[in-house]
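All remarks here apply to the structure that follows.
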Protein chains: 2
Amino acid sequence: MQQYDVVGIGNAIVDIIGRCDEAFLTKHGCAKGSMQLVDAAAVAKLYGDMGPAVEISGGSGANTIVGVASFGGKAGFIGKTANDQFGEVFGHDIRTAGVTFKTPAAPKGSEPTGRCLVLVTPDGQRTMNTFLGVSPQLGGGEVDADLVASARIVYLEGYLFDRPEAKAAFRQAANIAAKAGRQVALSLSDSFCVDRHRAEFLDLIRSSIDILFANEAEITSLYETKSFDEAARRAAADTKLAALTRSEKGSVILGGGKSIAIPAASVAKVVDTTGAGDLYAAGFLFGIATGRDLETSGRLGSLAAAEIISHIGARPETKLQDLARAKGLLA
Amino acid sequence: MQQYDVVGIGNAIVDIIGRCDEAFLTKHGCAKGSMQLVDAAAVAKLYGDMGPAVEISGGSGANTIVGVASFGGKAGFIGKTANDQFGEVFGHDIRTAGVTFKTPAAPKGSEPTGRCLVLVTPDGQRTMNTFLGVSPQLGGGEVDADLVASARIVYLEGYLFDRPEAKAAFRQAANIAAKAGRQVALSLSDSFCVDRHRAEFLDLIRSSIDILFANEAEITSLYETKSFDEAARRAAADTKLAALTRSEKGSVILGGGKSIAIPAASVAKVVDTTGAGDLYAAGFLFGIATGRDLETSGRLGSLAAAEIISHIGARPETKLQDLARAKGLLA
């Protein structure tokens with residue numbers, strides 16, 4: 001059986017990215033920087049109100065997996081699309097990025113492929129409204145057991161917890177990975193998502209997760225504290241390995257009894273923060289899966305995050321392997 | 001009746017833009033810098049071979065009309081989409097850019113919305129493979145006579161000549177405009193398109209066109225000469241007003257017995273030339289429709305072309321009215 005570095009499970013989403021001002025967010029009741037789930041009617045209304053946009057494949061876990069492939073890692077993805085144009089776009093973009101993606105599209109007549117309206121304010125911050133469409137219909141039975149069992153690390157997107165069917169797929173993948181002796185990584189995805197599923201997340205992290213990703217808002221939400229330091233201490237106690245990202249303050253890696261601070265990589269101009277956390281996870285997971293040390297893995301994460309926020313969209317425009325080589329982080 | 005500055009008729013297309021190297025063009029038999037029409041099977045094959053892409057609304061005439069609106073002009077567009085996701089994207093983007101767009105989408109089950117695979121080489125040059133889909137099914141009967149008659153300038157995309165049904169719409173619009181005493185503008189679109197329809201284009205230009213747009217390759221193809229100067233002399237004899245674009249050499253405007261050379265506006269880095277000619281036409285048409293002189297109109301064209309080649313896609317990322325005000329070209 002072929003060995004994969006990282007296999008991810010997440011929502012299959014096409015991002016529809018447009019610019020707006022702060023007043024637009026207020027008017028539409030969007031909490032700046034967050035992701036909120038919306039239904040078909042709400043997404044249609046918001047789309048009608050927002051300005052011209054561009055479409056780029058997205059999905060938090062899918063962005064991470066494409067990042068792993070861009071570093072030269074062997075990567076696979078499991079996620080549900082519909083048999084429609086956005087599904088075709090999602091499948092094309094992830095496959096031609098070098099990722100193994102074989103989940104069959106839902107038959108014609110299903111709900112449409114998931115989409116996310118990404119509103120980017122002048123400061124580069126992104127605010128997301130997601131219509132999941134067919135994406136949560138990924139059931140436990142659709143998890144490719146061979147693919148999951150062959151991965152050094154199985155990466156689970158926290159957003160999957162928002163729907164029971166997707167949660168079943170999530171648990172199924174975690175069980176297969178555990179049986180195969182693989183590492184299981186989890187991203188907390190969003191502070192509101194943490195708020196919706198706090199007890200379950202804590203239980204899962206303590207019982208089944210080897211590598212935890214969270215940003216400052218997510219980890220403080222998880223432990224219901226305002227103190228990042230306190231949240232970090234508790235994360236260190238609950239996990240084998242945690243990577244906590246702090247935007248321009250870089251990240252903190254907690255593992256083996258140590259705390260390692262990694263600086264953020266420099267960016268000329270922050271254009272669009274969409275995917276910053278996803279791509280940090282890509283670099284870190286690629287590093288760990290290929291046997292690099294914690295500091296190098298963290299630096300690969302910072303590098304990938306810096307690339308992604310320098311342009312519109314959450315898929316790399318420059319091959320991350322080349323960037324990492326230029327910085328001396330990869331041979 | 002409300003007065004429009006410019007109403008355009010053209011193919012309704014979503015661009016699928018990806019990067020490739022020169023070898024990819026050679027391997028797939030694409031003539032660099034050109035547009036070729038492909039069928040559904042060929043577009044699917046090429047899409048499968050090209051790398052990850054982004055989707056941005058396009059269509060030559062539609063890009064021009066969006067540019068006119070971005071300058072603050074009152075603009076309308078007539079073009080055919082399908083009732084699918086790309087059709088929704090096209091309609092959203094053009095309407096929220098401030099353009100009146102009321103052509104009904106074809107009913108479900110029609111051919112899909114047109115798409116164009118735009119391959120951008122490292123030098124920024126774009127090579128296009130277009131699957132027109134439902135777009136040419138815009139018939140003469142679907143031309144909104146009131147909208148066309150209300151426009152100071154009616155702008156026709158040369159690419160429409162590639163299909164008989166669309167050509168009927170083209171001629172219908174030209175007739176309505178002539179009866180209403182409006183100016184009719186034509187873009188030659190592409191040198192291969194000129195080659196396909198030379199005699200008809202010449203006849204149309206001499207009989208019905210007030211403003212002609214062409215680049216160097218198109219105008220020399222039209223007059224079957226290698227000399228730009230000779231082609232320009234013949235264009236001056238055949239038209240009331242012609243704007244001939246020459247990439248980094250700027251443009252030449254021929255009208256009222258004069259020849260005015262307009263320099264290209266400066267660009268820090270040419271990222272993607274898609275839409276350069278379309279946006280030049282936008283600035284020039286906006287200028288003429290709002291009563292500005294030829295030189296100012298040409299400079300507005302150069303400014304818009306420079307904005308569009310500084311980023312991916314053929315729709316402005318910065319409001320052209322603001323750019324023109326900053327340059328002192330608009331009050």
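Identifiers in the structure tokens: chain A, B, ... in order shown; residue index from 1 per chain; ligand index from 1 in order shown.
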With a distance cut-off of 8 Å and only C-alpha atoms, select the neighbouring residues of Thr127 in chain A, excluding the residue or stretch itself and same-chain residues fewer than 6 positions from it, and output the selection as a PDB file with N, CA and C atoms, in the first residue's frame.
ATOM      1  N   CYS A  30     -22.734  40.290  10.417  1.00  0.00           N
ATOM      2  CA  CYS A  30     -21.598  39.363  10.382  1.00  0.00           C
ATOM      3  C   CYS A  30     -20.577  39.757  11.447  1.00  0.00           C
ATOM      4  N   ALA A  31     -20.163  38.798  12.284  1.00  0.00           N
ATOM      5  CA  ALA A  31     -19.101  39.047  13.271  1.00  0.00           C
ATOM      6  C   ALA A  31     -17.767  38.984  12.545  1.00  0.00           C
ATOM      7  N   LYS A  32     -17.078  40.112  12.487  1.00  0.00           N
ATOM      8  CA  LYS A  32     -15.841  40.208  11.703  1.00  0.00           C
ATOM      9  C   LYS A  32     -14.834  39.131  12.109  1.00  0.00           C
ATOM     10  N   GLY A  33     -14.269  38.451  11.135  1.00  0.00           N
ATOM     11  CA  GLY A  33     -13.255  37.429  11.391  1.00  0.00           C
ATOM     12  C   GLY A  33     -13.808  36.042  11.628  1.00  0.00           C
ATOM     13  N   SER A  34     -15.124  35.912  11.754  1.00  0.00           N
ATOM     14  CA  SER A  34     -15.719  34.612  12.090  1.00  0.00           C
ATOM     15  C   SER A  34     -16.240  33.890  10.854  1.00  0.00           C
ATOM     16  N   MET A  35     -16.664  32.653  11.048  1.00  0.00           N
ATOM     17  CA  MET A  35     -17.373  31.880  10.033  1.00  0.00           C
ATOM     18  C   MET A  35     -18.758  31.602  10.574  1.00  0.00           C
ATOM     19  N   VAL A 118     -16.842  34.893   1.121  1.00  0.00           N
ATOM     20  CA  VAL A 118     -15.729  35.435   1.907  1.00  0.00           C
ATOM     21  C   VAL A 118     -15.696  36.939   1.683  1.00  0.00           C
ATOM     22  N   LEU A 119     -15.950  37.691   2.742  1.00  0.00           N
ATOM     23  CA  LEU A 119     -15.976  39.151   2.659  1.00  0.00           C
ATOM     24  C   LEU A 119     -14.668  39.676   3.232  1.00  0.00           C
ATOM     25  N   VAL A 120     -13.892  40.340   2.396  1.00  0.00           N
ATOM     26  CA  VAL A 120     -12.573  40.823   2.820  1.00  0.00           C
ATOM     27  C   VAL A 120     -12.655  42.337   3.023  1.00  0.00           C
TER      28      VAL A 120
END
List as a PDB file with N, CA and C atoms, in the first residue's frame the protein and nucleic acid residues near range 79-96 of chain A, meaning an atom at most 8 Å away when only C-alpha atoms are counted, but skip any in the same chain fewer than 4 places from it.
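And here is the file that came out, result-v5.pdb:
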ATOM      1  N   ILE A   9      -9.774  15.220   6.031  1.00  0.00           N
ATOM      2  CA  ILE A   9     -11.221  15.086   5.855  1.00  0.00           C
ATOM      3  C   ILE A   9     -11.844  16.424   6.203  1.00  0.00           C
ATOM      4  N   GLY A  10     -12.646  16.945   5.297  1.00  0.00           N
ATOM      5  CA  GLY A  10     -13.239  18.252   5.576  1.00  0.00           C
ATOM      6  C   GLY A  10     -14.353  18.578   4.604  1.00  0.00           C
ATOM      7  N   ASN A  11     -14.895  19.763   4.742  1.00  0.00           N
ATOM      8  CA  ASN A  11     -15.930  20.213   3.828  1.00  0.00           C
ATOM      9  C   ASN A  11     -15.310  20.597   2.491  1.00  0.00           C
ATOM     10  N   ALA A  12     -15.992  20.228   1.414  1.00  0.00           N
ATOM     11  CA  ALA A  12     -15.548  20.579   0.062  1.00  0.00           C
ATOM     12  C   ALA A  12     -16.293  21.852  -0.345  1.00  0.00           C
ATOM     13  N   ILE A  13     -15.559  22.947  -0.425  1.00  0.00           N
ATOM     14  CA  ILE A  13     -16.182  24.267  -0.541  1.00  0.00           C
ATOM     15  C   ILE A  13     -15.514  25.057  -1.660  1.00  0.00           C
ATOM     16  N   VAL A  14     -16.306  25.832  -2.410  1.00  0.00           N
ATOM     17  CA  VAL A  14     -15.732  26.839  -3.295  1.00  0.00           C
ATOM     18  C   VAL A  14     -15.942  28.203  -2.649  1.00  0.00           C
ATOM     19  N   SER A  57     -11.278  27.664  -5.232  1.00  0.00           N
ATOM     20  CA  SER A  57     -11.539  26.518  -4.365  1.00  0.00           C
ATOM     21  C   SER A  57     -11.057  26.805  -2.950  1.00  0.00           C
ATOM     22  N   GLY A  58     -11.816  26.299  -1.982  1.00  0.00           N
ATOM     23  CA  GLY A  58     -11.469  26.526  -0.580  1.00  0.00           C
ATOM     24  C   GLY A  58     -11.783  25.304   0.253  1.00  0.00           C
ATOM     25  N   ALA A  62      -9.284  21.195   3.106  1.00  0.00           N
ATOM     26  CA  ALA A  62      -8.803  21.031   1.727  1.00  0.00           C
ATOM     27  C   ALA A  62      -7.651  21.997   1.452  1.00  0.00           C
ATOM     28  N   VAL A  66      -3.930  20.804   0.244  1.00  0.00           N
ATOM     29  CA  VAL A  66      -3.282  21.342  -0.956  1.00  0.00           C
ATOM     30  C   VAL A  66      -1.928  21.954  -0.568  1.00  0.00           C
ATOM     31  N   THR A 100      -4.566  13.312  -3.995  1.00  0.00           N
ATOM     32  CA  THR A 100      -5.463  12.204  -4.309  1.00  0.00           C
ATOM     33  C   THR A 100      -6.855  12.545  -3.768  1.00  0.00           C
ATOM     34  N   PHE A 101      -7.842  12.593  -4.630  1.00  0.00           N
ATOM     35  CA  PHE A 101      -9.205  12.957  -4.228  1.00  0.00           C
ATOM     36  C   PHE A 101     -10.166  12.083  -5.017  1.00  0.00           C
ATOM     37  N   THR A 103     -13.377  10.850  -3.548  1.00  0.00           N
ATOM     38  CA  THR A 103     -14.745  10.786  -3.044  1.00  0.00           C
ATOM     39  C   THR A 103     -15.715  11.044  -4.193  1.00  0.00           C
ATOM     40  N   PRO A 104     -16.639  10.124  -4.471  1.00  0.00           N
ATOM     41  CA  PRO A 104     -17.540  10.362  -5.595  1.00  0.00           C
ATOM     42  C   PRO A 104     -18.471  11.558  -5.337  1.00  0.00           C
ATOM     43  N   ALA A 105     -18.719  12.339  -6.395  1.00  0.00           N
ATOM     44  CA  ALA A 105     -19.670  13.444  -6.280  1.00  0.00           C
ATOM     45  C   ALA A 105     -21.069  12.864  -6.078  1.00  0.00           C
ATOM     46  N   ALA A 106     -21.912  13.587  -5.338  1.00  0.00           N
ATOM     47  CA  ALA A 106     -23.301  13.164  -5.163  1.00  0.00           C
ATOM     48  C   ALA A 106     -23.997  13.168  -6.523  1.00  0.00           C
ATOM     49  N   PRO A 107     -24.989  12.284  -6.716  1.00  0.00           N
ATOM     50  CA  PRO A 107     -25.664  12.250  -8.018  1.00  0.00           C
ATOM     51  C   PRO A 107     -26.426  13.546  -8.307  1.00  0.00           C
ATOM     52  N   LYS A 108     -26.697  13.782  -9.596  1.00  0.00           N
ATOM     53  CA  LYS A 108     -27.474  14.961 -10.011  1.00  0.00           C
ATOM     54  C   LYS A 108     -28.768  15.019  -9.224  1.00  0.00           C
ATOM     55  N   SER A 110     -28.918  16.333  -6.193  1.00  0.00           N
ATOM     56  CA  SER A 110     -28.570  16.513  -4.773  1.00  0.00           C
ATOM     57  C   SER A 110     -28.535  18.009  -4.450  1.00  0.00           C
ATOM     58  N   GLU A 111     -28.307  18.320  -3.201  1.00  0.00           N
ATOM     59  CA  GLU A 111     -28.010  19.712  -2.862  1.00  0.00           C
ATOM     60  C   GLU A 111     -26.738  20.116  -3.606  1.00  0.00           C
ATOM     61  N   PRO A 112     -26.546  21.425  -3.825  1.00  0.00           N
ATOM     62  CA  PRO A 112     -25.368  21.848  -4.592  1.00  0.00           C
ATOM     63  C   PRO A 112     -24.065  21.733  -3.777  1.00  0.00           C
ATOM     64  N   THR A 113     -22.967  21.853  -4.471  1.00  0.00           N
ATOM     65  CA  THR A 113     -21.657  21.919  -3.824  1.00  0.00           C
ATOM     66  C   THR A 113     -21.642  23.101  -2.847  1.00  0.00           C
ATOM     67  N   GLY A 114     -20.998  22.917  -1.716  1.00  0.00           N
ATOM     68  CA  GLY A 114     -20.916  23.972  -0.708  1.00  0.00           C
ATOM     69  C   GLY A 114     -20.177  25.195  -1.212  1.00  0.00           C
ATOM     70  N   VAL A 134     -24.213  20.171  -0.147  1.00  0.00           N
ATOM     71  CA  VAL A 134     -24.130  18.706  -0.071  1.00  0.00           C
ATOM     72  C   VAL A 134     -22.992  18.236   0.835  1.00  0.00           C
ATOM     73  N   SER A 135     -22.106  19.147   1.226  1.00  0.00           N
ATOM     74  CA  SER A 135     -20.852  18.736   1.888  1.00  0.00           C
ATOM     75  C   SER A 135     -21.039  17.844   3.124  1.00  0.00           C
ATOM     76  N   PRO A 136     -22.008  18.147   4.026  1.00  0.00           N
ATOM     77  CA  PRO A 136     -22.127  17.290   5.219  1.00  0.00           C
ATOM     78  C   PRO A 136     -22.684  15.904   4.908  1.00  0.00           C
ATOM     79  N   GLN A 137     -23.103  15.655   3.697  1.00  0.00           N
ATOM     80  CA  GLN A 137     -23.625  14.324   3.362  1.00  0.00           C
ATOM     81  C   GLN A 137     -22.519  13.293   3.167  1.00  0.00           C
ATOM     82  N   LEU A 138     -21.299  13.700   3.489  1.00  0.00           N
ATOM     83  CA  LEU A 138     -20.207  12.734   3.568  1.00  0.00           C
ATOM     84  C   LEU A 138     -20.485  11.862   4.789  1.00  0.00           C
TER      85      LEU A 138
ATOM     86  N   TYR B  47      -9.031  21.355 -19.711  1.00  0.00           N
ATOM     87  CA  TYR B  47      -9.233  21.699 -18.295  1.00  0.00           C
ATOM     88  C   TYR B  47      -8.603  20.637 -17.392  1.00  0.00           C
ATOM     89  N   GLY B  48      -8.792  19.370 -17.786  1.00  0.00           N
ATOM     90  CA  GLY B  48      -8.203  18.287 -17.006  1.00  0.00           C
ATOM     91  C   GLY B  48      -6.684  18.337 -16.990  1.00  0.00           C
ATOM     92  N   ASP B  49      -6.098  18.892 -18.055  1.00  0.00           N
ATOM     93  CA  ASP B  49      -4.636  18.934 -18.148  1.00  0.00           C
ATOM     94  C   ASP B  49      -4.045  20.169 -17.478  1.00  0.00           C
ATOM     95  N   MET B  50      -4.789  21.272 -17.418  1.00  0.00           N
ATOM     96  CA  MET B  50      -4.219  22.498 -16.853  1.00  0.00           C
ATOM     97  C   MET B  50      -4.235  22.447 -15.324  1.00  0.00           C
ATOM     98  N   GLY B  51      -3.438  23.270 -14.701  1.00  0.00           N
ATOM     99  CA  GLY B  51      -3.307  23.275 -13.251  1.00  0.00           C
ATOM    100  C   GLY B  51      -4.471  23.963 -12.553  1.00  0.00           C
ATOM    101  N   PRO B  52      -4.376  24.112 -11.228  1.00  0.00           N
ATOM    102  CA  PRO B  52      -5.419  24.803 -10.466  1.00  0.00           C
ATOM    103  C   PRO B  52      -5.680  26.194 -11.042  1.00  0.00           C
ATOM    104  N   ALA B  53      -6.910  26.643 -10.917  1.00  0.00           N
ATOM    105  CA  ALA B  53      -7.300  27.894 -11.565  1.00  0.00           C
ATOM    106  C   ALA B  53      -8.183  28.724 -10.644  1.00  0.00           C
ATOM    107  N   ASP B  84     -27.310  28.009 -14.671  1.00  0.00           N
ATOM    108  CA  ASP B  84     -26.362  27.158 -13.954  1.00  0.00           C
ATOM    109  C   ASP B  84     -25.473  28.044 -13.071  1.00  0.00           C
ATOM    110  N   GLN B  85     -24.519  27.419 -12.379  1.00  0.00           N
ATOM    111  CA  GLN B  85     -23.739  28.189 -11.405  1.00  0.00           C
ATOM    112  C   GLN B  85     -22.864  29.252 -12.066  1.00  0.00           C
ATOM    113  N   PHE B  86     -22.271  28.928 -13.225  1.00  0.00           N
ATOM    114  CA  PHE B  86     -21.463  29.946 -13.908  1.00  0.00           C
ATOM    115  C   PHE B  86     -22.345  31.089 -14.408  1.00  0.00           C
TER     116      PHE B  86
END
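Of the residues listed (B:His197, B:Lys45, B:His28, B:Lys327), B:Lys45 shows the shortest atom-to-atom separation from chain A; distances use only C-alpha atoms.
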Self-check item: range 207-308 of chain B: residues DSSP assigns to strand (DSSP E or B), reported as a PyMOL selection string
Solution: chain B and resi 211-215+241-245+251-255+258-262
The selected residues should be written to file as a PDB file, in the first residue's frame (atoms: N, CA and C atoms).
ATOM      1  N   ILE B 211     -17.082  53.744 -34.723  1.00  0.00           N
ATOM      2  CA  ILE B 211     -15.843  53.698 -33.927  1.00  0.00           C
ATOM      3  C   ILE B 211     -15.288  52.277 -34.009  1.00  0.00           C
ATOM      4  N   LEU B 212     -14.058  52.164 -34.461  1.00  0.00           N
ATOM      5  CA  LEU B 212     -13.436  50.843 -34.607  1.00  0.00           C
ATOM      6  C   LEU B 212     -12.289  50.680 -33.617  1.00  0.00           C
ATOM      7  N   PHE B 213     -12.274  49.540 -32.907  1.00  0.00           N
ATOM      8  CA  PHE B 213     -11.145  49.183 -32.043  1.00  0.00           C
ATOM      9  C   PHE B 213     -10.423  47.987 -32.632  1.00  0.00           C
ATOM     10  N   ALA B 214      -9.109  48.066 -32.657  1.00  0.00           N
ATOM     11  CA  ALA B 214      -8.311  46.914 -33.108  1.00  0.00           C
ATOM     12  C   ALA B 214      -6.919  47.036 -32.524  1.00  0.00           C
ATOM     13  N   ASN B 215      -6.261  45.909 -32.333  1.00  0.00           N
ATOM     14  CA  ASN B 215      -4.838  45.975 -31.990  1.00  0.00           C
ATOM     15  C   ASN B 215      -4.031  45.775 -33.272  1.00  0.00           C
ATOM     16  N   LEU B 241     -13.778  57.038 -36.946  1.00  0.00           N
ATOM     17  CA  LEU B 241     -12.917  57.107 -35.762  1.00  0.00           C
ATOM     18  C   LEU B 241     -12.373  55.705 -35.481  1.00  0.00           C
ATOM     19  N   ALA B 242     -11.079  55.598 -35.359  1.00  0.00           N
ATOM     20  CA  ALA B 242     -10.480  54.293 -35.039  1.00  0.00           C
ATOM     21  C   ALA B 242      -9.471  54.468 -33.914  1.00  0.00           C
ATOM     22  N   ALA B 243      -9.447  53.522 -32.989  1.00  0.00           N
ATOM     23  CA  ALA B 243      -8.442  53.508 -31.923  1.00  0.00           C
ATOM     24  C   ALA B 243      -7.669  52.209 -32.067  1.00  0.00           C
ATOM     25  N   LEU B 244      -6.398  52.336 -32.399  1.00  0.00           N
ATOM     26  CA  LEU B 244      -5.566  51.152 -32.652  1.00  0.00           C
ATOM     27  C   LEU B 244      -4.561  51.005 -31.513  1.00  0.00           C
ATOM     28  N   THR B 245      -4.623  49.865 -30.826  1.00  0.00           N
ATOM     29  CA  THR B 245      -3.754  49.677 -29.658  1.00  0.00           C
ATOM     30  C   THR B 245      -2.513  48.881 -30.045  1.00  0.00           C
ATOM     31  N   SER B 251      -1.228  53.669 -28.047  1.00  0.00           N
ATOM     32  CA  SER B 251      -2.265  53.545 -29.067  1.00  0.00           C
ATOM     33  C   SER B 251      -2.219  54.735 -30.014  1.00  0.00           C
ATOM     34  N   VAL B 252      -2.876  54.552 -31.149  1.00  0.00           N
ATOM     35  CA  VAL B 252      -2.983  55.623 -32.133  1.00  0.00           C
ATOM     36  C   VAL B 252      -4.471  55.841 -32.395  1.00  0.00           C
ATOM     37  N   ILE B 253      -4.906  57.097 -32.277  1.00  0.00           N
ATOM     38  CA  ILE B 253      -6.308  57.411 -32.547  1.00  0.00           C
ATOM     39  C   ILE B 253      -6.379  58.157 -33.871  1.00  0.00           C
ATOM     40  N   LEU B 254      -7.226  57.667 -34.764  1.00  0.00           N
ATOM     41  CA  LEU B 254      -7.370  58.250 -36.089  1.00  0.00           C
ATOM     42  C   LEU B 254      -8.791  58.796 -36.215  1.00  0.00           C
ATOM     43  N   GLY B 255      -8.910  60.120 -36.378  1.00  0.00           N
ATOM     44  CA  GLY B 255     -10.252  60.689 -36.488  1.00  0.00           C
ATOM     45  C   GLY B 255     -10.184  62.147 -36.898  1.00  0.00           C
ATOM     46  N   LYS B 258      -7.004  63.547 -38.293  1.00  0.00           N
ATOM     47  CA  LYS B 258      -5.816  63.616 -37.438  1.00  0.00           C
ATOM     48  C   LYS B 258      -5.387  62.226 -36.973  1.00  0.00           C
ATOM     49  N   SER B 259      -4.128  62.135 -36.579  1.00  0.00           N
ATOM     50  CA  SER B 259      -3.597  60.915 -35.970  1.00  0.00           C
ATOM     51  C   SER B 259      -2.963  61.320 -34.638  1.00  0.00           C
ATOM     52  N   ILE B 260      -3.485  60.797 -33.550  1.00  0.00           N
ATOM     53  CA  ILE B 260      -3.008  61.182 -32.217  1.00  0.00           C
ATOM     54  C   ILE B 260      -2.366  59.967 -31.549  1.00  0.00           C
ATOM     55  N   ALA B 261      -1.112  60.091 -31.171  1.00  0.00           N
ATOM     56  CA  ALA B 261      -0.428  58.997 -30.478  1.00  0.00           C
ATOM     57  C   ALA B 261      -0.620  59.156 -28.971  1.00  0.00           C
ATOM     58  N   ILE B 262      -1.063  58.079 -28.331  1.00  0.00           N
ATOM     59  CA  ILE B 262      -1.293  58.083 -26.877  1.00  0.00           C
ATOM     60  C   ILE B 262      -0.302  57.099 -26.248  1.00  0.00           C
TER      61      ILE B 262
END
Practice task
Find the residues near range 144-161 of chain A: any atom within 9 Å, counting only C-alpha atoms, skip ones fewer than 4 places away on the same chain, and give them as number ranges by chain.
Solution key: A: 1-11, 60-62, 64-65, 74-78, 102-103, 136, 165-170, 172-174, 176-190, 193-194, 196-197, 201, 211, 285, 288-290
Item checked: Expected answer as a list of chain:residue names: alpha helix (DSSP H) residues in range 252-319 of chain B -> B:Ala276, B:Gly277, B:Asp278, B:Leu279, B:Tyr280, B:Ala281, B:Ala282, B:Gly283, B:Phe284, B:Leu285, B:Phe286, B:Gly287, B:Ile288, B:Ala289, B:Leu294, B:Glu295, B:Thr296, B:Ser297, B:Gly298, B:Arg299, B:Leu300, B:Gly301, B:Ser302, B:Leu303, B:Ala304, B:Ala305, B:Ala306, B:Glu307, B:Ile308
In terms of only C-alpha atoms, the residue from B:Glu317, B:Glu218, B:Asp162, B:Asp203 at minimal distance from chain A is B:Glu317
